[in-house]
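run-v8.txt (compact mmCIF, C-alpha atoms and all ligand atoms)
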# COMPACT_ATOMS: atom_id res chain seq x y z
CA MET A 10 0.00 -20.18 -2.30
CA HIS A 11 3.53 -21.10 -1.32
CA GLU A 12 4.48 -24.43 0.18
CA SER A 13 5.47 -24.12 3.82
CA GLY A 14 9.23 -24.18 4.20
CA GLU A 15 9.98 -21.67 1.45
CA GLY A 16 11.57 -18.59 2.91
CA LEU A 17 11.82 -14.83 2.46
CA LEU A 18 14.17 -15.06 -0.49
CA SER A 19 12.23 -17.65 -2.46
CA HIS A 20 10.41 -16.58 -5.60
CA PHE A 21 6.82 -15.42 -5.38
CA THR A 22 4.38 -15.96 -8.20
CA CYS A 23 0.81 -14.80 -8.55
CA LYS A 24 -0.90 -14.85 -11.94
CA ASP A 25 1.60 -13.33 -14.41
CA LEU A 26 3.71 -11.74 -11.67
CA ALA A 27 7.01 -13.37 -10.68
CA LEU A 28 9.02 -11.70 -7.93
CA ARG A 29 12.68 -12.44 -7.19
CA ASN A 30 11.92 -12.55 -3.46
CA ARG A 31 9.06 -11.93 -1.03
CA VAL A 32 9.94 -8.43 0.10
CA MET A 33 7.54 -5.64 -0.75
CA ILE A 34 8.41 -2.04 0.01
CA SER A 35 5.35 -0.84 1.87
CA PRO A 36 3.51 2.15 0.38
CA MET A 37 4.85 5.34 1.93
CA ALA A 38 3.46 8.76 1.06
CA GLN A 39 6.18 11.32 0.43
CA TYR A 40 3.96 14.38 -0.03
CA CYS A 41 6.06 15.99 -2.74
CA ALA A 42 4.04 15.68 -5.94
CA THR A 43 2.81 18.77 -7.75
CA ASP A 44 -0.76 18.53 -8.97
CA GLY A 45 -0.49 14.73 -8.72
CA TYR A 46 2.55 14.41 -11.01
CA ALA A 47 5.52 12.25 -10.02
CA ASN A 48 8.92 13.91 -10.35
CA ASP A 49 12.64 13.09 -10.04
CA TYR A 50 12.32 12.70 -6.28
CA HIS A 51 9.87 9.81 -6.71
CA LEU A 52 12.09 8.14 -9.32
CA VAL A 53 15.16 8.30 -7.07
CA HIS A 54 13.28 7.43 -3.87
CA LEU A 55 11.57 4.37 -5.39
CA GLY A 56 14.41 3.44 -7.72
CA LYS A 57 16.81 3.02 -4.83
CA TYR A 58 14.68 0.13 -3.55
CA ALA A 59 14.94 -1.54 -6.95
CA ILE A 60 18.74 -1.23 -6.75
CA GLY A 61 18.41 -2.42 -3.14
CA GLY A 62 17.00 -5.80 -4.17
CA ALA A 63 13.28 -5.54 -3.27
CA GLY A 64 10.94 -7.92 -5.09
CA LEU A 65 8.02 -5.49 -5.28
CA ILE A 66 7.94 -1.75 -4.72
CA MET A 67 4.51 -0.37 -3.87
CA LEU A 68 3.98 3.28 -4.68
CA GLU A 69 2.46 5.52 -2.07
CA ALA A 70 -1.28 6.25 -1.85
CA THR A 71 -2.08 7.63 -5.30
CA ALA A 72 -5.32 9.52 -5.58
CA VAL A 73 -7.97 8.40 -8.04
CA GLU A 74 -9.50 11.88 -8.03
CA ALA A 75 -8.25 15.30 -6.95
CA ARG A 76 -10.65 15.59 -4.00
CA GLY A 77 -9.45 12.15 -2.87
CA ARG A 78 -6.00 13.45 -1.94
CA THR A 79 -4.93 13.56 1.69
CA THR A 80 -2.89 16.67 0.94
CA PRO A 81 -2.32 18.74 -2.22
CA PHE A 82 1.09 17.00 -2.50
CA ASP A 83 -0.13 13.41 -3.01
CA LEU A 84 0.56 11.46 -6.18
CA GLY A 85 -2.37 11.09 -8.55
CA LEU A 86 -3.75 9.09 -11.44
CA TRP A 87 -6.85 11.13 -12.15
CA ARG A 88 -5.56 12.50 -15.47
CA ASP A 89 -4.18 10.76 -18.54
CA GLU A 90 -1.22 13.16 -18.32
CA HIS A 91 -0.13 11.58 -15.00
CA VAL A 92 0.76 8.32 -16.75
CA GLU A 93 4.07 9.34 -18.30
CA SER A 94 5.73 10.46 -15.06
CA LEU A 95 4.84 7.10 -13.46
CA ARG A 96 5.94 5.03 -16.44
CA ARG A 97 9.52 6.28 -15.91
CA ILE A 98 9.44 4.66 -12.47
CA THR A 99 8.00 1.30 -13.55
CA GLU A 100 10.50 1.07 -16.41
CA PHE A 101 13.49 1.90 -14.24
CA ASN A 102 12.49 -0.58 -11.55
CA ARG A 103 11.94 -3.30 -14.13
CA SER A 104 15.41 -2.65 -15.55
CA GLN A 105 16.76 -3.44 -12.06
CA GLY A 106 14.76 -6.65 -11.65
CA ALA A 107 12.00 -5.26 -9.42
CA ALA A 108 8.25 -5.17 -9.99
CA THR A 109 6.20 -2.07 -9.18
CA GLY A 110 2.72 -1.66 -7.78
CA VAL A 111 0.53 1.38 -7.37
CA GLN A 112 -1.65 1.89 -4.34
CA LEU A 113 -4.85 3.50 -5.58
CA ALA A 114 -6.46 5.62 -2.90
CA HIS A 115 -9.24 7.97 -1.93
CA ALA A 116 -8.87 9.87 1.33
CA GLY A 117 -12.59 10.57 1.85
CA ARG A 118 -12.98 12.57 5.06
CA LYS A 119 -9.21 12.48 5.62
CA GLY A 120 -8.71 14.76 2.64
CA ASN A 121 -7.71 18.36 2.74
CA GLN A 122 -4.91 18.17 5.30
CA PRO A 123 -1.63 20.10 5.49
CA TYR A 124 1.87 18.51 5.44
CA PRO A 125 1.91 15.87 8.21
CA TRP A 126 5.28 17.09 9.48
CA ASP A 127 3.71 20.48 10.28
CA GLY A 128 1.73 18.72 13.02
CA PRO A 129 -2.02 18.78 13.53
CA GLY A 130 -3.42 21.98 12.14
CA PRO A 131 -6.55 23.42 10.63
CA ALA A 132 -7.76 21.97 7.36
CA ILE A 133 -6.50 23.74 4.28
CA THR A 134 -9.11 25.63 2.32
CA PRO A 135 -11.63 23.22 0.80
CA ASP A 136 -11.22 24.37 -2.77
CA VAL A 137 -7.56 23.27 -2.98
CA ASN A 138 -8.40 19.58 -3.39
CA GLY A 139 -12.14 19.88 -3.83
CA TYR A 140 -14.45 19.43 -0.86
CA PRO A 141 -13.90 16.16 1.10
CA ILE A 142 -16.61 13.54 0.74
CA ALA A 143 -17.41 10.59 2.99
CA PRO A 144 -20.14 8.02 3.66
CA SER A 145 -21.44 10.26 6.46
CA ALA A 146 -20.84 13.89 7.42
CA ILE A 147 -18.55 13.10 10.37
CA PRO A 148 -15.12 14.78 10.42
CA PHE A 149 -11.93 12.76 11.00
CA THR A 150 -10.84 15.10 13.82
CA PRO A 151 -12.36 18.39 15.02
CA GLU A 152 -9.66 20.28 13.04
CA CYS A 153 -10.59 18.58 9.77
CA SER A 154 -13.27 19.76 7.35
CA ILE A 155 -16.75 18.32 7.85
CA PRO A 156 -17.11 16.07 4.80
CA GLN A 157 -20.07 16.12 2.50
CA GLU A 158 -22.12 12.93 2.73
CA MET A 159 -21.86 11.04 -0.54
CA GLY A 160 -25.07 10.75 -2.52
CA LYS A 161 -25.66 8.33 -5.40
CA LYS A 162 -24.00 10.89 -7.68
CA GLU A 163 -20.72 10.88 -5.73
CA ILE A 164 -20.76 7.09 -5.43
CA LYS A 165 -21.10 6.81 -9.20
CA GLU A 166 -18.45 9.48 -9.84
CA THR A 167 -15.92 7.89 -7.52
CA LEU A 168 -16.46 4.38 -8.93
CA ALA A 169 -15.80 5.84 -12.38
CA ALA A 170 -12.62 7.45 -10.99
CA TRP A 171 -11.33 4.12 -9.56
CA LYS A 172 -12.00 2.49 -12.91
CA ALA A 173 -10.25 5.19 -14.95
CA ALA A 174 -7.25 5.18 -12.59
CA ALA A 175 -6.94 1.40 -13.08
CA ARG A 176 -6.90 1.91 -16.85
CA ARG A 177 -4.09 4.46 -16.46
CA ALA A 178 -2.20 2.08 -14.17
CA VAL A 179 -2.12 -0.42 -17.05
CA GLN A 180 -0.78 2.29 -19.37
CA ALA A 181 1.90 3.25 -16.84
CA GLY A 182 3.20 -0.34 -16.80
CA PHE A 183 2.39 -1.30 -13.21
CA ASP A 184 2.61 -4.98 -12.27
CA VAL A 185 0.22 -4.78 -9.32
CA ILE A 186 -2.63 -2.56 -8.18
CA GLU A 187 -3.26 -2.32 -4.48
CA ILE A 188 -6.60 -0.82 -3.42
CA HIS A 189 -6.10 1.26 -0.27
CA GLY A 190 -8.89 0.11 2.01
CA ALA A 191 -7.05 0.77 5.29
CA HIS A 192 -6.00 3.55 7.67
CA GLY A 193 -9.29 5.38 7.91
CA TYR A 194 -9.48 6.37 4.24
CA LEU A 195 -12.67 6.30 2.19
CA LEU A 196 -13.11 2.52 1.97
CA HIS A 197 -12.38 2.06 5.66
CA GLN A 198 -14.91 4.82 6.37
CA PHE A 199 -17.58 2.81 4.56
CA MET A 200 -16.57 -0.40 6.33
CA SER A 201 -16.75 0.94 9.88
CA SER A 202 -20.00 1.57 11.72
CA LYS A 203 -18.21 4.44 13.53
CA SER A 204 -17.82 6.48 10.36
CA ASN A 205 -20.71 5.07 8.32
CA LEU A 206 -24.15 5.98 9.69
CA ARG A 207 -25.96 5.64 6.39
CA VAL A 208 -29.47 4.26 6.22
CA ASP A 209 -29.42 3.28 2.53
CA GLU A 210 -27.96 0.09 1.00
CA TYR A 211 -24.41 1.32 1.81
CA GLY A 212 -24.91 1.46 5.58
CA GLY A 213 -26.18 -0.69 8.41
CA GLY A 214 -25.16 -4.36 8.45
CA PHE A 215 -21.87 -5.91 7.36
CA ASP A 216 -23.02 -6.65 3.80
CA ASN A 217 -24.19 -3.09 3.26
CA ARG A 218 -21.08 -1.51 4.76
CA ILE A 219 -18.76 -3.54 2.50
CA ARG A 220 -20.90 -2.96 -0.63
CA TYR A 221 -18.88 0.05 -1.80
CA LEU A 222 -15.60 -1.85 -1.20
CA LEU A 223 -16.74 -4.68 -3.46
CA GLU A 224 -17.98 -2.21 -6.07
CA VAL A 225 -14.55 -0.59 -6.07
CA ALA A 226 -12.89 -3.98 -6.56
CA ASP A 227 -15.28 -4.68 -9.45
CA ALA A 228 -14.64 -1.25 -11.00
CA VAL A 229 -10.89 -1.73 -10.84
CA ARG A 230 -11.16 -5.27 -12.21
CA THR A 231 -13.05 -4.09 -15.29
CA GLU A 232 -9.87 -2.31 -16.44
CA TRP A 233 -7.15 -4.29 -14.65
CA PRO A 234 -6.43 -7.47 -16.66
CA GLU A 235 -7.45 -10.82 -15.16
CA ASP A 236 -3.90 -12.12 -15.35
CA LYS A 237 -2.51 -9.29 -13.20
CA PRO A 238 -2.62 -9.47 -9.40
CA LEU A 239 -4.92 -7.20 -7.44
CA PHE A 240 -4.00 -6.53 -3.79
CA TYR A 241 -6.22 -4.98 -1.14
CA ARG A 242 -4.87 -3.26 1.98
CA THR A 243 -7.18 -3.27 4.95
CA SER A 244 -6.91 -2.37 8.63
CA VAL A 245 -7.51 -5.85 9.98
CA VAL A 246 -8.24 -4.36 13.39
CA ASP A 247 -8.56 -0.82 14.65
CA PRO A 248 -8.47 0.27 18.30
CA SER A 249 -11.11 2.93 17.58
CA ASP A 250 -13.60 0.40 16.22
CA GLU A 251 -13.87 -2.60 18.49
CA GLN A 252 -16.97 -3.82 16.69
CA TRP A 253 -14.84 -4.65 13.67
CA THR A 254 -12.94 -7.78 14.70
CA ILE A 255 -10.49 -10.08 12.98
CA ASP A 256 -13.46 -12.36 12.16
CA GLU A 257 -15.01 -9.57 10.08
CA SER A 258 -11.66 -9.17 8.34
CA VAL A 259 -11.65 -12.87 7.43
CA ARG A 260 -15.20 -12.54 6.06
CA LEU A 261 -14.23 -9.41 4.12
CA ALA A 262 -11.17 -11.16 2.67
CA SER A 263 -13.34 -14.05 1.41
CA ARG A 264 -15.79 -11.64 -0.21
CA LEU A 265 -13.00 -9.61 -1.82
CA ALA A 266 -11.54 -12.82 -3.24
CA GLU A 267 -14.88 -13.43 -5.00
CA HIS A 268 -14.47 -9.95 -6.54
CA GLY A 269 -11.04 -10.55 -8.04
CA VAL A 270 -8.70 -9.69 -5.15
CA ASP A 271 -5.63 -11.95 -4.97
CA LEU A 272 -3.86 -10.80 -1.81
CA ILE A 273 -4.80 -9.05 1.43
CA ASP A 274 -2.18 -6.63 2.77
CA CYS A 275 -2.86 -6.77 6.51
CA SER A 276 -2.39 -3.38 8.13
CA TYR A 277 -3.85 -1.69 11.17
CA GLY A 278 -5.75 1.28 12.58
CA GLY A 279 -6.12 4.82 11.33
CA LEU A 280 -9.86 5.34 11.58
CA ALA A 281 -9.74 7.96 14.29
CA LYS A 282 -6.01 8.48 14.67
CA ARG A 283 -2.89 8.38 12.54
CA ALA A 284 -2.05 4.82 11.59
CA THR A 285 1.62 4.98 12.49
CA THR A 286 2.83 2.14 14.64
CA ASN A 287 4.75 3.17 17.70
CA MET A 288 8.21 1.59 17.88
CA GLY A 289 8.28 1.86 21.66
CA THR A 290 5.15 -0.01 22.61
CA ARG A 291 4.80 -2.75 20.05
CA ASN A 292 6.58 -6.00 19.35
CA GLN A 293 8.30 -6.91 16.13
CA GLY A 294 5.73 -8.27 13.71
CA PHE A 295 2.77 -7.53 15.99
CA LEU A 296 0.31 -7.97 13.09
CA VAL A 297 1.74 -11.26 11.87
CA PRO A 298 -0.82 -13.41 13.77
CA CYS A 299 -3.65 -11.47 12.05
CA SER A 300 -2.06 -12.09 8.68
CA GLY A 301 -1.84 -15.82 9.48
CA THR A 302 -5.49 -15.90 10.60
CA ILE A 303 -6.70 -14.25 7.39
CA ARG A 304 -4.44 -16.39 5.19
CA ARG A 305 -5.76 -19.61 6.67
CA GLY A 306 -9.33 -18.44 7.39
CA ALA A 307 -10.04 -17.03 3.92
CA ASN A 308 -7.59 -19.20 2.01
CA ILE A 309 -6.03 -16.17 0.35
CA ARG A 310 -2.50 -14.84 -0.01
CA THR A 311 -1.49 -12.18 2.53
CA ALA A 312 1.23 -9.62 3.15
CA ALA A 313 2.33 -8.99 6.73
CA VAL A 314 3.44 -5.51 7.78
CA GLY A 315 4.26 -3.69 11.00
CA LEU A 316 7.64 -3.47 12.65
CA ILE A 317 9.25 -6.30 10.74
CA LEU A 318 12.88 -5.47 11.24
CA ASP A 319 15.12 -8.56 11.09
CA PRO A 320 15.59 -10.76 8.01
CA ASP A 321 15.63 -13.84 10.25
CA PHE A 322 12.27 -12.95 11.75
CA ALA A 323 10.79 -12.15 8.31
CA ASP A 324 12.09 -15.44 6.95
CA GLY A 325 10.37 -17.31 9.80
CA VAL A 326 7.03 -15.58 9.07
CA ILE A 327 7.10 -16.82 5.49
CA ARG A 328 8.33 -20.32 6.40
CA LYS A 329 5.58 -20.77 9.01
CA GLY A 330 2.97 -19.84 6.44
CA ASP A 331 1.78 -16.70 8.23
CA ALA A 332 2.22 -14.56 5.10
CA ASP A 333 3.20 -14.75 1.44
CA LEU A 334 4.93 -11.35 1.36
CA ILE A 335 6.66 -9.18 3.93
CA ALA A 336 6.02 -5.46 3.62
CA THR A 337 8.68 -3.25 5.12
CA GLY A 338 8.23 0.48 5.67
CA ARG A 339 10.37 2.43 8.08
CA GLU A 340 13.14 -0.17 8.15
CA ALA A 341 13.50 0.32 4.40
CA LEU A 342 13.64 4.10 4.84
CA TYR A 343 16.45 3.55 7.33
CA ASN A 344 18.26 0.97 5.23
CA PRO A 345 17.30 0.85 1.53
CA HIS A 346 19.68 -2.11 1.09
CA TRP A 347 17.83 -4.18 3.70
CA VAL A 348 17.08 -6.92 1.16
CA LEU A 349 20.69 -7.17 -0.03
CA HIS A 350 21.82 -7.51 3.58
CA ALA A 351 19.12 -10.15 4.05
CA TYR A 352 20.71 -12.23 1.25
CA GLN A 353 23.98 -12.13 3.19
CA GLU A 354 22.46 -12.73 6.62
CA LEU A 355 20.35 -15.63 5.44
CA GLY A 356 23.39 -17.22 3.83
CA LYS A 357 22.26 -16.87 0.26
CA GLY A 358 25.59 -15.57 -1.02
CA GLY A 359 28.19 -12.85 -0.75
CA PHE A 360 27.76 -9.91 -3.01
CA SER A 361 26.46 -11.83 -6.01
CA ASP A 362 22.94 -10.52 -5.42
CA TRP A 363 24.08 -6.91 -5.38
CA PRO A 364 23.92 -4.95 -8.63
CA ASP A 365 27.14 -5.46 -10.62
CA GLN A 366 27.87 -1.76 -10.32
CA TYR A 367 28.21 -2.18 -6.52
CA GLY A 368 28.94 -5.87 -6.15
CA TRP A 369 32.25 -6.16 -8.00
CA TRP A 370 33.69 -3.41 -5.88
CA LEU A 371 32.33 -4.62 -2.56
CA GLN A 372 33.68 -8.09 -3.36
CA SER A 373 37.15 -6.68 -3.76
CA ARG A 374 36.75 -4.58 -0.65
CA ALA A 375 35.79 -7.69 1.33
CA LYS A 376 38.95 -9.45 0.13
CA HIS A 377 41.13 -6.39 0.73
CA PRO A 378 39.47 -4.44 3.52
CA VAL A 379 42.16 -1.74 3.46
CA ILE A 380 41.15 -0.57 -0.02
CA ARG A 381 39.28 2.71 0.13
C1 LIG A 401 6.46 7.95 5.76
C2 LIG A 401 5.33 6.97 5.74
C3 LIG A 401 4.30 7.12 4.81
C4 LIG A 401 3.28 6.14 4.74
N1 LIG A 401 2.35 6.24 3.74
C5 LIG A 401 1.49 5.21 3.53
C6 LIG A 401 0.67 5.17 2.37
O1 LIG A 401 0.75 6.02 1.48
N2 LIG A 401 -0.20 4.13 2.26
C7 LIG A 401 -0.27 3.13 3.20
O2 LIG A 401 -1.07 2.21 3.06
N3 LIG A 401 0.52 3.14 4.29
C8 LIG A 401 1.41 4.14 4.45
N4 LIG A 401 2.27 4.10 5.51
C9 LIG A 401 2.26 2.92 6.40
C10 LIG A 401 3.33 1.91 5.95
O3 LIG A 401 3.06 1.42 4.66
C11 LIG A 401 3.44 0.73 6.93
O4 LIG A 401 2.22 0.03 6.90
C12 LIG A 401 3.72 1.18 8.37
O5 LIG A 401 4.79 2.12 8.39
C13 LIG A 401 4.08 -0.02 9.25
O6 LIG A 401 5.19 -0.71 8.71
P1 LIG A 401 6.68 -0.49 9.30
O7 LIG A 401 6.63 -0.78 10.78
O8 LIG A 401 7.54 -1.46 8.52
O9 LIG A 401 7.07 0.94 9.04
C14 LIG A 401 3.28 5.06 5.64
C15 LIG A 401 4.27 4.96 6.60
C16 LIG A 401 5.30 5.87 6.65
C17 LIG A 401 6.40 5.69 7.68
Take the structure I supplied and represent it as structure tokens, if you would.
Ligand SMILES: Cc1cc2nc3c(=O)[nH]c(=O)nc-3n(C[C@H](O)[C@H](O)[C@H](O)COP(=O)(O)O)c2cc1C
Amino acid sequence: MHESGEGLLSHFTCKDLALRNRVMISPMAQYCATDGYANDYHLVHLGKYAIGGAGLIMLEATAVEARGRTTPFDLGLWRDEHVESLRRITEFNRSQGAATGVQLAHAGRKGNQPYPWDGPGPAITPDVNGYPIAPSAIPFTPECSIPQEMGKKEIKETLAAWKAAARRAVQAGFDVIEIHGAHGYLLHQFMSSKSNLRVDEYGGGFDNRIRYLLEVADAVRTEWPEDKPLFYRTSVVDPSDEQWTIDESVRLASRLAEHGVDLIDCSYGGLAKRATTNMGTRNQGFLVPCSGTIRRGANIRTAAVGLILDPDFADGVIRKGDADLIATGREALYNPHWVLHAYQELGKGGFSDWPDQYGWWLQSRAKHPVIR
């Protein structure tokens, strides 16, 4: 872990990964893949963050099996043929000095939904993605399909899918895998006693409810090389499950570390509602204290996310030792050059950190502001 005092723009290393700074673009689903395949939109969308100076760019939730998609438009890694379209992205980002991660995901009962921008609506027909599965047959909302409770067969099938997706992630050239265990998706559904009413070894007490999570980490680790970092995103707290507290998250983080996880990406909510964080009612960095608690309590690296808007604030989070990485979502959508501005604001240089293609021109514009 980093020494306290190193800031946002210091290098980050973890196993064989070396990042130029501590900014991670948070995974953000774009809902524009066809049959799981990435296309030019994904290359341009993600590539602009590489040009914009980010250290690590995390791909959106990428389904490990077709029925694990939130919508039919999610990215996927359930076929060998998906690899090539993703390799274009990892190669481009690397050429610009950025590392790329893939967030492997399974939606569980949150599968089978329409475009989010169409608002809440009825579930799409079950056979589009395959029928949603979940630890228990409890729907996410009344509009969503009632999921099929997973038997031993589905548990085995899905573990094989996580494993195969990890193998394809290696082939696609990713630097990091992040397991999506947050926001009410399949792993969160297992973890919470609100969505997991099972009476077998996967339900009941804490150890049983996290069993599937650890099995997923093990399955991914069988294919994901030891020297590559494995991240895990979890909802450290969720307003719809008050029984799951930050203490449970610290315990979970320690257990995940024993199963090969190197960093906990500390997110929030989503079990019974959308996970989006409301700009109006929350403070900048409202999850940072949770990240600090997990980092110190489980002695593991963390990423902090959630309304982190100002480079100065982000720099302070890293310097105080509350996180190892800062994940930025909506602020990066708004300003893809957030990191390059951070270099200027934090006094790390003029335009020398910008890509040459932009920097030489901006330098001359700064000297001669009338040039258009
Ligand atoms: C458009 C959009 C799509 C998102 N998709 C994902 C996703 O695929 N996986 C995930 O873990 N979080 C997803 N999130 C949550 C973000 O990664 C992030 O945790 C959240 O927006 C809070 O960070 P922010 O305040 O910097 O935006 C998404 C957020 C947005 C705005």
Residues of chain A that have any atom at most 8 Å from an atom of ligand LIG 401 (chain A): could you tabulate them with the shortest-distance atom pair and the distance in Å to one decimal, using all atoms listed in the file, ordered by chain and increasing number, as CSV?
residue,atom,partner,partner_atom,distance
A:Ile34,CA,A:LIG401,O3,7.9
A:Ser35,CA,A:LIG401,O3,4.3
A:Pro36,CA,A:LIG401,O3,4.4
A:Met37,CA,A:LIG401,N1,3.2
A:Ala38,CA,A:LIG401,N1,3.8
A:Gln39,CA,A:LIG401,C1,6.3
A:Leu68,CA,A:LIG401,O1,7.5
A:Glu69,CA,A:LIG401,O1,4.0
A:Ala70,CA,A:LIG401,O1,3.9
A:Thr71,CA,A:LIG401,O1,7.5
A:Gln112,CA,A:LIG401,N2,7.1
A:His189,CA,A:LIG401,O2,6.1
A:Ala191,CA,A:LIG401,O2,6.5
A:His192,CA,A:LIG401,O2,6.9
A:Arg242,CA,A:LIG401,O2,6.7
A:Ser276,CA,A:LIG401,O4,5.9
A:Tyr277,CA,A:LIG401,O4,7.6
A:Ala284,CA,A:LIG401,C9,7.0
A:Thr285,CA,A:LIG401,O5,5.9
A:Thr286,CA,A:LIG401,C13,5.9
A:Met288,CA,A:LIG401,O7,7.7
A:Val314,CA,A:LIG401,O6,5.2
A:Gly315,CA,A:LIG401,O7,3.8
A:Leu316,CA,A:LIG401,O7,3.4
A:Ile317,CA,A:LIG401,O8,5.6
A:Leu318,CA,A:LIG401,O8,7.2
A:Ala336,CA,A:LIG401,O8,6.5
A:Thr337,CA,A:LIG401,O8,4.0
A:Gly338,CA,A:LIG401,O8,3.5
A:Arg339,CA,A:LIG401,O9,3.7
A:Glu340,CA,A:LIG401,O8,5.8
A:Ala341,CA,A:LIG401,O8,7.5
A:Leu342,CA,A:LIG401,C17,7.9
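Going from atom CA of Phe101 of chain A to atom CA of Arg176 of chain A covers 20.6 Å.
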Non-local contacts of segment 49-56 of chain A (12 Å; only C-alpha atoms; under 2 positions in same chain excluded) as a ChimeraX atom specification:
/A:33-43,45-47,58-63,65-69,83-84,94-111,341-342,345-346
Excluding Arg304 of chain A and residues on its chain fewer than 4 positions from it, collect all residues at most 9 Å away from it, counting all atoms listed in the file, and give them as a PyMOL selection string.
chain A and resi 259+262+272-273+299-300+308-311+330-333
Could the residues in this selection be saved with C-alpha atoms as a PDB file, in the frame of the given file?
ATOM      1  CA  VAL A 259     -11.650 -12.870   7.430  1.00  0.00           C
ATOM      2  CA  ALA A 262     -11.170 -11.160   2.670  1.00  0.00           C
ATOM      3  CA  LEU A 272      -3.860 -10.800  -1.810  1.00  0.00           C
ATOM      4  CA  ILE A 273      -4.800  -9.050   1.430  1.00  0.00           C
ATOM      5  CA  CYS A 299      -3.650 -11.470  12.050  1.00  0.00           C
ATOM      6  CA  SER A 300      -2.060 -12.090   8.680  1.00  0.00           C
ATOM      7  CA  ASN A 308      -7.590 -19.200   2.010  1.00  0.00           C
ATOM      8  CA  ILE A 309      -6.030 -16.170   0.350  1.00  0.00           C
ATOM      9  CA  ARG A 310      -2.500 -14.840  -0.010  1.00  0.00           C
ATOM     10  CA  THR A 311      -1.490 -12.180   2.530  1.00  0.00           C
ATOM     11  CA  GLY A 330       2.970 -19.840   6.440  1.00  0.00           C
ATOM     12  CA  ASP A 331       1.780 -16.700   8.230  1.00  0.00           C
ATOM     13  CA  ALA A 332       2.220 -14.560   5.100  1.00  0.00           C
ATOM     14  CA  ASP A 333       3.200 -14.750   1.440  1.00  0.00           C
TER      15      ASP A 333
END
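The space between atom CA of Phe199 of chain A and atom CA of Ser145 of chain A spans 8.6 Å.
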Option closest in space to Ala174 of chain A, from A:Gly64, A:Gly85, A:Gly306, A:Gly77 [counting all atoms listed in the file]:
A:Gly85
For the atom pair atom CA of Ile142 of chain A and atom CA of Arg260 of chain A, what is the interatomic distance in Å to one decimal place?
26.7 Å
Residues at most 12 Å from Asp250 of chain A, counting only C-alpha atoms, excluding those fewer than 6 positions away in the same chain, as an MDAnalysis selection string?
chainID A and resid 192:193 197:198 200:205 244 257 277:282
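Minimum atom-to-atom distance to Ile155 of chain A, evaluated using all atoms listed in the file, belongs to A:Ala132 out of A:Ala132, A:Ile255, A:Ala173, A:Ala228.
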(-5.9, -12.6, 15.5) in this file's frame - what residues fall within 10 Å of it? Use all atoms listed in the file and give the answer as a list in words.
Val245, Val246, Thr254, Ile255, Asp256, Ser258, Val259, Leu296, Val297, Pro298, Cys299, Ser300, Gly301, Thr302 and Ile303 of chain A
Write out as AutoDock Vina command-line options an axis-aligned box for segment 261-274 of chain A: all of its atoms listed in the file, 8 Å added on each side, centre and edge lengths in Å with one decimal.
--center_x -9.0 --center_y -10.3 --center_z -2.0 --size_x 29.6 --size_y 23.4 --size_z 28.2
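Here the question is which of A:Asp247, A:Asp209, A:Glu166, A:Glu267 gets nearest to Pro144 of chain A using all atoms listed in the file, and that residue is A:Asp209.
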Identify the residues around (-6.4, -5.8, -13.2) within a radius of 8 Å, measuring from only C-alpha atoms in the coordinates stated by the file, and give them as an NGL selection string.
:A and (175 or 179 or 185-186 or 229-239)
Please rebuild segment 120-127 of chain A with N, CA, C and O atoms and give the result as a PDB file, keeping the file's coordinate frame.
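What landed in selection09.pdb:
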ATOM      1  N   GLY A 120      -9.287  13.870   3.636  1.00  0.00           N
ATOM      2  CA  GLY A 120      -8.710  14.760   2.640  1.00  0.00           C
ATOM      3  C   GLY A 120      -8.468  16.145   3.226  1.00  0.00           C
ATOM      4  O   GLY A 120      -8.825  16.426   4.381  1.00  0.00           O
ATOM      5  N   ASN A 121      -7.772  16.946   2.398  1.00  0.00           N
ATOM      6  CA  ASN A 121      -7.710  18.360   2.740  1.00  0.00           C
ATOM      7  C   ASN A 121      -6.825  18.695   3.933  1.00  0.00           C
ATOM      8  O   ASN A 121      -7.098  19.639   4.669  1.00  0.00           O
ATOM      9  N   GLN A 122      -5.774  17.904   4.143  1.00  0.00           N
ATOM     10  CA  GLN A 122      -4.910  18.170   5.300  1.00  0.00           C
ATOM     11  C   GLN A 122      -3.604  18.826   4.867  1.00  0.00           C
ATOM     12  O   GLN A 122      -3.190  18.697   3.719  1.00  0.00           O
ATOM     13  N   PRO A 123      -2.933  19.498   5.819  1.00  0.00           N
ATOM     14  CA  PRO A 123      -1.630  20.100   5.490  1.00  0.00           C
ATOM     15  C   PRO A 123      -0.524  19.039   5.543  1.00  0.00           C
ATOM     16  O   PRO A 123      -0.798  17.870   5.788  1.00  0.00           O
ATOM     17  N   TYR A 124       0.748  19.444   5.308  1.00  0.00           N
ATOM     18  CA  TYR A 124       1.870  18.510   5.440  1.00  0.00           C
ATOM     19  C   TYR A 124       1.829  17.840   6.809  1.00  0.00           C
ATOM     20  O   TYR A 124       1.698  18.533   7.825  1.00  0.00           O
ATOM     21  N   PRO A 125       1.995  16.526   6.896  1.00  0.00           N
ATOM     22  CA  PRO A 125       1.910  15.870   8.210  1.00  0.00           C
ATOM     23  C   PRO A 125       3.018  16.327   9.156  1.00  0.00           C
ATOM     24  O   PRO A 125       2.829  16.360  10.363  1.00  0.00           O
ATOM     25  N   TRP A 126       4.181  16.700   8.595  1.00  0.00           N
ATOM     26  CA  TRP A 126       5.280  17.090   9.480  1.00  0.00           C
ATOM     27  C   TRP A 126       5.067  18.480  10.073  1.00  0.00           C
ATOM     28  O   TRP A 126       5.849  18.915  10.903  1.00  0.00           O
ATOM     29  N   ASP A 127       4.044  19.205   9.647  1.00  0.00           N
ATOM     30  CA  ASP A 127       3.710  20.480  10.280  1.00  0.00           C
ATOM     31  C   ASP A 127       2.847  20.277  11.522  1.00  0.00           C
ATOM     32  O   ASP A 127       2.439  21.236  12.164  1.00  0.00           O
TER      33      ASP A 127
END
